[in-house]
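Reviewing the structure listed below.
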Amino acid sequence: MLIEIKDLELHPIDFAEEYRPGTLDLGPDVQQSTPLHAAGRAQLIEEHHGKHQRIKDIRVSGELSTTLELPCARCLEPVTEHVRRKFDLLYRPLGADAGREELSVTGAEAEVSYYQGEGLLLEDAVREQVLLALPLKVICREDCKGLCPHCGANLNSEQCSCSEPIEDPRWTALKDLRGKLEH
């Protein structure tokens, strides 16, 4: 859905979109397992920059929800993650801030994104918000043993026959030092 400036100049736009699994590109590791529902409102906000310049910002607010499958960071088994997020976003025309003298960025300015052309693709904003809602590291359970570093076996479901790794001789000096400090 393209949210166009010319439409926003007439009235705010309410949206209620549903994205089937596979519609949005969430990357190779994230699989959408239920439809993604996004609902909210887009409106035009005019800002005055200087005496004669007006900038047309797009404010998009709403909420989204879906269910995703991600690989466990330790064993790579799929983990179900329910995502529900509220958002309030501000998009400024690309290049609107160009030419201004260099100033420190305030907290409010750090929250501004940019759009190009005559509008904003809602799908891009929704995709960004889904990815921001994901945890940095997903683990299937607290006591996940992960994969064997030698053979790749999932240690949660099977024991591997790999022997304990041979100690690297370069660590011997540090091991001796630790032994002396403990006594």
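Residue numbering restarts at 1 for every chain of the structure tokens, chains are lettered A, B, ... in their displayed order, and ligands are numbered from 1 as they appear.
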Polymer residues at most 10 Å from Lys137 (chain A), only C-alpha atoms, same-chain spacing of 4 or more positions, as a PDB file with all heavy atoms, in the first residue's frame:
ATOM      1  N   LEU A  70      11.901 -18.608  14.293  1.00  0.00           N
ATOM      2  CA  LEU A  70      13.311 -18.238  14.191  1.00  0.00           C
ATOM      3  C   LEU A  70      14.154 -19.408  14.650  1.00  0.00           C
ATOM      4  O   LEU A  70      13.716 -20.194  15.486  1.00  0.00           O
ATOM      5  CB  LEU A  70      13.596 -17.034  15.098  1.00  0.00           C
ATOM      6  CG  LEU A  70      12.773 -15.804  14.830  1.00  0.00           C
ATOM      7  CD1 LEU A  70      12.182 -15.285  16.111  1.00  0.00           C
ATOM      8  CD2 LEU A  70      13.637 -14.761  14.218  1.00  0.00           C
ATOM      9  N   PRO A  71      15.393 -19.508  14.172  1.00  0.00           N
ATOM     10  CA  PRO A  71      16.249 -20.596  14.653  1.00  0.00           C
ATOM     11  C   PRO A  71      16.820 -20.273  16.034  1.00  0.00           C
ATOM     12  O   PRO A  71      17.179 -19.135  16.320  1.00  0.00           O
ATOM     13  CB  PRO A  71      17.356 -20.662  13.602  1.00  0.00           C
ATOM     14  CG  PRO A  71      17.410 -19.286  13.026  1.00  0.00           C
ATOM     15  CD  PRO A  71      16.007 -18.751  13.094  1.00  0.00           C
ATOM     16  N   CYS A  72      16.897 -21.300  16.876  1.00  0.00           N
ATOM     17  CA  CYS A  72      17.534 -21.153  18.186  1.00  0.00           C
ATOM     18  C   CYS A  72      18.999 -20.780  17.957  1.00  0.00           C
ATOM     19  O   CYS A  72      19.660 -21.332  17.083  1.00  0.00           O
ATOM     20  CB  CYS A  72      17.423 -22.459  18.965  1.00  0.00           C
ATOM     21  SG  CYS A  72      18.337 -22.472  20.522  1.00  0.00           S
ATOM     22  N   ALA A  73      19.504 -19.866  18.748  1.00  0.00           N
ATOM     23  CA  ALA A  73      20.886 -19.408  18.588  1.00  0.00           C
ATOM     24  C   ALA A  73      21.909 -20.469  18.972  1.00  0.00           C
ATOM     25  O   ALA A  73      23.067 -20.367  18.604  1.00  0.00           O
ATOM     26  CB  ALA A  73      21.115 -18.153  19.432  1.00  0.00           C
ATOM     27  N   ARG A  74      21.475 -21.507  19.686  1.00  0.00           N
ATOM     28  CA  ARG A  74      22.407 -22.559  20.110  1.00  0.00           C
ATOM     29  C   ARG A  74      22.282 -23.837  19.287  1.00  0.00           C
ATOM     30  O   ARG A  74      23.276 -24.419  18.887  1.00  0.00           O
ATOM     31  CB  ARG A  74      22.179 -22.881  21.582  1.00  0.00           C
ATOM     32  CG  ARG A  74      22.537 -21.735  22.504  1.00  0.00           C
ATOM     33  CD  ARG A  74      22.310 -22.110  23.942  1.00  0.00           C
ATOM     34  NE  ARG A  74      22.519 -20.982  24.828  1.00  0.00           N
ATOM     35  CZ  ARG A  74      22.108 -20.945  26.075  1.00  0.00           C
ATOM     36  NH1 ARG A  74      21.470 -21.972  26.601  1.00  0.00           N
ATOM     37  NH2 ARG A  74      22.329 -19.882  26.810  1.00  0.00           N
TER      38      ARG A  74
END
Of the residues A:Asp25, A:Arg85, A:Pro149, A:Arg178, which is the one nearest to Glu164 (chain A), using only C-alpha atoms?
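Ranking A:Asp25, A:Arg85, A:Pro149, A:Arg178 by distance to Glu164 (chain A), first place goes to A:Pro149.
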Can you tell me which residues surround Leu94 (chain A) at a distance of at most 10 Å, considering only C-alpha atoms, apart from same-chain residues fewer than 5 positions away, and format the answer as a VMD selection string?
chain A and resid 113 to 117
Show me, as a PDB file with C-alpha atoms, in the first residue's frame, the residues that have an atom within 9 Å of Arg20 (chain A) when counting only C-alpha atoms, minus same-chain residues fewer than 5 positions from it.
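Writing the result to part25.pdb gives the following:
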ATOM      1  CA  GLN A  32       6.279 -15.904   9.131  1.00  0.00           C
ATOM      2  CA  SER A  33       3.842 -18.617  10.266  1.00  0.00           C
ATOM      3  CA  THR A  34       0.583 -16.626  10.630  1.00  0.00           C
ATOM      4  CA  PRO A  35      -0.805 -13.637   8.736  1.00  0.00           C
ATOM      5  CA  LEU A  36       0.633 -10.316   9.849  1.00  0.00           C
ATOM      6  CA  HIS A  37      -2.058  -7.810  10.818  1.00  0.00           C
TER       7      HIS A  37
END
Output as a VMD selection string all residues of chain A that backbone DSSP marks as strand (DSSP E or B).
chain A and resid 2 to 4 13 to 19 31 to 32 36 to 49 53 to 71 78 to 93 112 to 115 119 to 121 147 154
Output the selection as a tab-separated table (two decimals), in the first residue's frame - C-alpha atoms for each residue.
chain	number	residue	atom	x	y	z
A	2	LEU	CA	1.45	3.33	-1.07
A	3	ILE	CA	0.63	6.21	1.25
A	4	GLU	CA	0.76	9.24	-1.02
A	13	ILE	CA	-5.64	7.62	5.87
A	14	ASP	CA	-6.70	4.74	8.09
A	15	PHE	CA	-5.30	1.35	7.17
A	16	ALA	CA	-5.97	-2.25	8.15
A	17	GLU	CA	-3.71	-4.56	6.16
A	18	GLU	CA	-3.08	-8.29	6.31
A	19	TYR	CA	0.14	-9.75	4.90
A	31	GLN	CA	9.72	-17.44	8.72
A	32	GLN	CA	6.28	-15.90	9.13
A	36	LEU	CA	0.63	-10.32	9.85
A	37	HIS	CA	-2.06	-7.81	10.82
A	38	ALA	CA	-1.21	-4.11	10.74
A	39	ALA	CA	-3.73	-1.38	11.52
A	40	GLY	CA	-3.39	2.32	12.18
A	41	ARG	CA	-3.44	5.79	10.70
A	42	ALA	CA	-1.22	7.87	8.45
A	43	GLN	CA	-1.43	11.64	8.48
A	44	LEU	CA	0.41	14.63	7.07
A	45	ILE	CA	2.33	16.93	9.37
A	46	GLU	CA	3.66	20.18	7.95
A	47	GLU	CA	6.77	21.59	9.57
A	48	HIS	CA	8.17	25.06	9.09
A	49	HIS	CA	11.91	25.13	8.44
A	53	GLN	CA	10.23	26.47	3.70
A	54	ARG	CA	7.54	23.93	4.58
A	55	ILE	CA	8.33	20.26	4.90
A	56	LYS	CA	5.63	17.61	4.56
A	57	ASP	CA	6.26	14.80	7.04
A	58	ILE	CA	4.26	11.59	7.16
A	59	ARG	CA	3.30	10.29	10.59
A	60	VAL	CA	2.33	6.62	10.71
A	61	SER	CA	0.99	5.17	13.96
A	62	GLY	CA	-0.64	1.87	14.72
A	63	GLU	CA	0.03	-1.67	15.82
A	64	LEU	CA	0.95	-5.00	14.30
A	65	SER	CA	0.87	-8.64	15.32
A	66	THR	CA	2.03	-11.96	13.89
A	67	THR	CA	3.77	-15.20	14.77
A	68	LEU	CA	7.25	-15.98	13.48
A	69	GLU	CA	9.63	-18.93	13.55
A	70	LEU	CA	13.31	-18.24	14.19
A	71	PRO	CA	16.25	-20.60	14.65
A	78	PRO	CA	12.81	-23.55	15.17
A	79	VAL	CA	11.47	-21.34	17.95
A	80	THR	CA	8.01	-19.73	17.80
A	81	GLU	CA	7.99	-16.03	18.63
A	82	HIS	CA	4.76	-14.03	18.97
A	83	VAL	CA	5.26	-10.43	17.87
A	84	ARG	CA	2.95	-7.63	18.92
A	85	ARG	CA	4.13	-4.05	18.63
A	86	LYS	CA	2.74	-0.54	18.70
A	87	PHE	CA	4.51	2.06	16.59
A	88	ASP	CA	4.50	5.81	16.06
A	89	LEU	CA	6.79	6.78	13.19
A	90	LEU	CA	7.75	10.04	11.50
A	91	TYR	CA	9.02	10.12	7.92
A	92	ARG	CA	10.56	13.23	6.37
A	93	PRO	CA	11.28	13.76	2.65
A	112	VAL	CA	13.01	10.41	12.13
A	113	SER	CA	13.21	8.22	9.03
A	114	TYR	CA	13.05	9.36	5.42
A	115	TYR	CA	10.85	8.68	2.41
A	119	GLY	CA	4.91	8.79	-0.68
A	120	LEU	CA	5.77	5.90	1.56
A	121	LEU	CA	5.29	2.16	1.12
A	147	LEU	CA	25.42	-28.22	18.71
A	154	ASN	CA	22.21	-31.51	18.36
